[in-house]
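In what follows, a structure is listed as structure tokens, so that the remarks can point back to it.
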Amino acid sequence: MKNHHHSPHLVIRDVTLRDGLQNLPGVISTADKLDLLDALIDAGVKEFQITSFVSAARVPQMNDAEAVYAGSVKRGLSPNVLVVNLKGFERAVSAGVKSIDAVLSASNTHNRRNANRTTLESANEIITMLSRAAHAGARVGVNIANSFHCASEGAIDPEMILALMRGFHDSGVRFVCLSDTTGQAKADAVAHLVDKCLHMGVDVGLHLRDTHGRAGENARAGYKAGARCFDAALSGLGGSPFTPGVGGNLSLETADAVFAEAGVATGLVASKLATAREKMAGITAAAAKAGAA
């Protein structure tokens, strides 16, 4: 991730194929995922977090991570992927991935549910990934789930996030994506944490949920504070399979509107996003029908 906070350059990173699809009951075929990818590219999306290298037993929708990544490379992309442990990192590296986000949760309760280990154990694994990344020609960023609030543990102390970040920064991390996993964050808290992380010398992204309809205003506050990478999904699809009751993601459509209003070009084409939405509706409806059969 380049030094986005030193310029007005905005990155809207599409997570439709990863976060957007992971909760759906019917497994979507690789071919359908790549058709949807083509529609998103046509709509002006340039950056993707394309898949996650995780256990197919736990997240069946991600059972074709290698194939989806290979398909994206054939389309001229070099997308980001998500991993939750060292095994996933090694799979991603073997597949030729050059941009990897390792996720851990600021909440021990959620991290145990999501990764079957403590937050500290996940942090230590990420530091091992960083030590191996240079040899593999890969860059590792960190995605901190529950950066603001946890459904089980309540409000998360910003100092906990900053303590984690100090350790990661000392190990070479230069990009952090702060995730509002439950959608409970408010704009002032988002701006405060973004500012603190930027002063640590890392680029900051935001992964915002829309549980209470605040994803747009939180994106605006984050951008004003200096964040330059925003995860978004078509029609706000998605959520966490291990955090019930949360809303979907910041939508590509909302992100486009928020940044256009702020005078920042997104490169997205509204009419082409509508076409992609129609394609996605057809694909997800067919998968749901097949899953129910």
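In the structure tokens, each chain is lettered A, B, ... as it comes, each chain's residues begin at 1, and ligands are numbered from 1 in order of appearance.
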
Nearby residues (only C-alpha atoms) at most 10 Å from segment 27-30 of chain A, same-chain spacing under 4 positions excluded, as a PyMOL selection string: chain A and resi 17+21-23+34-36+59-65+67-68+71+283-284+286-288+290-291

Keeping only N, CA and C atoms, write the selected residues to a file as a PDB file, in the first residue's frame.
ATOM      1  N   LEU A  17     -16.376  -9.910  -3.411  1.00  0.00           N
ATOM      2  CA  LEU A  17     -16.126 -11.345  -3.619  1.00  0.00           C
ATOM      3  C   LEU A  17     -15.590 -12.035  -2.365  1.00  0.00           C
ATOM      4  N   LEU A  21     -19.625 -12.073  -0.075  1.00  0.00           N
ATOM      5  CA  LEU A  21     -20.208 -13.391  -0.360  1.00  0.00           C
ATOM      6  C   LEU A  21     -20.079 -14.387   0.789  1.00  0.00           C
ATOM      7  N   GLN A  22     -19.240 -14.096   1.792  1.00  0.00           N
ATOM      8  CA  GLN A  22     -18.853 -15.150   2.741  1.00  0.00           C
ATOM      9  C   GLN A  22     -20.008 -15.665   3.599  1.00  0.00           C
ATOM     10  N   ASN A  23     -21.057 -14.854   3.776  1.00  0.00           N
ATOM     11  CA  ASN A  23     -22.187 -15.283   4.615  1.00  0.00           C
ATOM     12  C   ASN A  23     -23.288 -16.002   3.845  1.00  0.00           C
ATOM     13  N   LEU A  34     -16.073 -14.921 -11.026  1.00  0.00           N
ATOM     14  CA  LEU A  34     -15.245 -14.199 -11.999  1.00  0.00           C
ATOM     15  C   LEU A  34     -16.101 -13.368 -12.954  1.00  0.00           C
ATOM     16  N   ASP A  35     -17.325 -13.814 -13.253  1.00  0.00           N
ATOM     17  CA  ASP A  35     -18.256 -12.987 -14.031  1.00  0.00           C
ATOM     18  C   ASP A  35     -18.590 -11.711 -13.270  1.00  0.00           C
ATOM     19  N   LEU A  36     -18.806 -11.856 -11.964  1.00  0.00           N
ATOM     20  CA  LEU A  36     -19.095 -10.684 -11.135  1.00  0.00           C
ATOM     21  C   LEU A  36     -17.878  -9.765 -11.068  1.00  0.00           C
ATOM     22  N   VAL A  59     -15.533 -21.557   6.353  1.00  0.00           N
ATOM     23  CA  VAL A  59     -16.126 -20.560   5.440  1.00  0.00           C
ATOM     24  C   VAL A  59     -16.190 -21.196   4.047  1.00  0.00           C
ATOM     25  N   PRO A  60     -17.224 -22.003   3.793  1.00  0.00           N
ATOM     26  CA  PRO A  60     -17.293 -22.772   2.541  1.00  0.00           C
ATOM     27  C   PRO A  60     -17.224 -21.912   1.272  1.00  0.00           C
ATOM     28  N   GLN A  61     -17.701 -20.683   1.365  1.00  0.00           N
ATOM     29  CA  GLN A  61     -17.723 -19.801   0.187  1.00  0.00           C
ATOM     30  C   GLN A  61     -16.318 -19.510  -0.340  1.00  0.00           C
ATOM     31  N   MET A  62     -15.299 -19.682   0.504  1.00  0.00           N
ATOM     32  CA  MET A  62     -13.923 -19.368   0.116  1.00  0.00           C
ATOM     33  C   MET A  62     -13.140 -20.621  -0.290  1.00  0.00           C
ATOM     34  N   ASN A  63     -13.848 -21.685  -0.674  1.00  0.00           N
ATOM     35  CA  ASN A  63     -13.176 -22.962  -0.979  1.00  0.00           C
ATOM     36  C   ASN A  63     -12.372 -22.924  -2.273  1.00  0.00           C
ATOM     37  N   ASP A  64     -12.527 -21.848  -3.057  1.00  0.00           N
ATOM     38  CA  ASP A  64     -11.838 -21.758  -4.356  1.00  0.00           C
ATOM     39  C   ASP A  64     -10.872 -20.571  -4.393  1.00  0.00           C
ATOM     40  N   ALA A  65     -10.261 -20.260  -3.249  1.00  0.00           N
ATOM     41  CA  ALA A  65      -9.418 -19.065  -3.157  1.00  0.00           C
ATOM     42  C   ALA A  65      -8.325 -19.039  -4.229  1.00  0.00           C
ATOM     43  N   ALA A  67      -8.218 -20.527  -7.151  1.00  0.00           N
ATOM     44  CA  ALA A  67      -8.781 -20.376  -8.502  1.00  0.00           C
ATOM     45  C   ALA A  67      -9.267 -18.951  -8.747  1.00  0.00           C
ATOM     46  N   VAL A  68      -9.902 -18.349  -7.753  1.00  0.00           N
ATOM     47  CA  VAL A  68     -10.373 -16.970  -7.905  1.00  0.00           C
ATOM     48  C   VAL A  68      -9.183 -16.020  -8.032  1.00  0.00           C
ATOM     49  N   GLY A  71      -7.724 -16.378 -11.473  1.00  0.00           N
ATOM     50  CA  GLY A  71      -8.593 -15.729 -12.453  1.00  0.00           C
ATOM     51  C   GLY A  71      -8.424 -14.224 -12.457  1.00  0.00           C
ATOM     52  N   ILE A 283     -26.960 -14.135  -9.619  1.00  0.00           N
ATOM     53  CA  ILE A 283     -26.030 -15.164  -9.137  1.00  0.00           C
ATOM     54  C   ILE A 283     -26.417 -15.628  -7.729  1.00  0.00           C
ATOM     55  N   THR A 284     -26.687 -14.662  -6.840  1.00  0.00           N
ATOM     56  CA  THR A 284     -26.986 -15.015  -5.441  1.00  0.00           C
ATOM     57  C   THR A 284     -28.352 -15.711  -5.333  1.00  0.00           C
ATOM     58  N   ALA A 286     -29.696 -17.649  -7.623  1.00  0.00           N
ATOM     59  CA  ALA A 286     -29.513 -19.019  -8.127  1.00  0.00           C
ATOM     60  C   ALA A 286     -28.792 -19.881  -7.081  1.00  0.00           C
ATOM     61  N   ALA A 287     -27.803 -19.267  -6.385  1.00  0.00           N
ATOM     62  CA  ALA A 287     -27.071 -20.009  -5.363  1.00  0.00           C
ATOM     63  C   ALA A 287     -27.970 -20.355  -4.181  1.00  0.00           C
ATOM     64  N   ALA A 288     -28.828 -19.400  -3.792  1.00  0.00           N
ATOM     65  CA  ALA A 288     -29.745 -19.646  -2.684  1.00  0.00           C
ATOM     66  C   ALA A 288     -30.731 -20.753  -3.012  1.00  0.00           C
ATOM     67  N   ALA A 290     -30.250 -23.186  -5.199  1.00  0.00           N
ATOM     68  CA  ALA A 290     -29.506 -24.446  -5.221  1.00  0.00           C
ATOM     69  C   ALA A 290     -29.230 -24.940  -3.809  1.00  0.00           C
ATOM     70  N   GLY A 291     -28.922 -23.967  -2.889  1.00  0.00           N
ATOM     71  CA  GLY A 291     -28.625 -24.332  -1.516  1.00  0.00           C
ATOM     72  C   GLY A 291     -29.843 -24.888  -0.796  1.00  0.00           C
TER      73      GLY A 291
END

Spatial neighbours of Ala255 of chain A, 8 Å, only C-alpha atoms, chain gap at least 6 places, as a ChimeraX atom specification: /A:12,216,219,232

Identify, on the basis of only C-alpha atoms, every residue whose closest approach to Gly213 of chain A does not exceed 9 Å; exclude the query and any residue fewer than 3 positions from it along the same chain; express the result as an MDAnalysis selection string. chainID A and resid 183 209:210 216:217 247

Using only C-alpha atoms, what does the table of segment 114-148 of chain A residues within 12 Å of segment 53-58 of chain A look like, with each row giving the shortest atom pair and its distance in Å to one decimal, sorted by chain and ascending number, as a tab-separated table?
residue	atom	partner	partner_atom	distance
A:Asn114	CA	A:Arg58	CA	9.3
A:Ala115	CA	A:Val54	CA	9.6
A:Asn116	CA	A:Arg58	CA	11.2

Could you write those residues out with C-alpha atoms, as a compact mmCIF listing (two decimals), in the first residue's frame?
# COMPACT_ATOMS: atom_id res chain seq x y z
CA ASN A 114 -12.73 -16.30 14.41
CA ALA A 115 -9.22 -17.78 14.57
CA ASN A 116 -9.29 -20.27 17.46

DSSP on the backbone: which residues in segment 90-290 of chain A end up as strand (DSSP E)? Give the answer as a ChimeraX atom specification. /A:99-105,139-145,149-150,154-155,175-180,203-208,229-232

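Going from atom CA of Glu125 of chain A to atom CA of Ala92 of chain A covers 14.9 Å.
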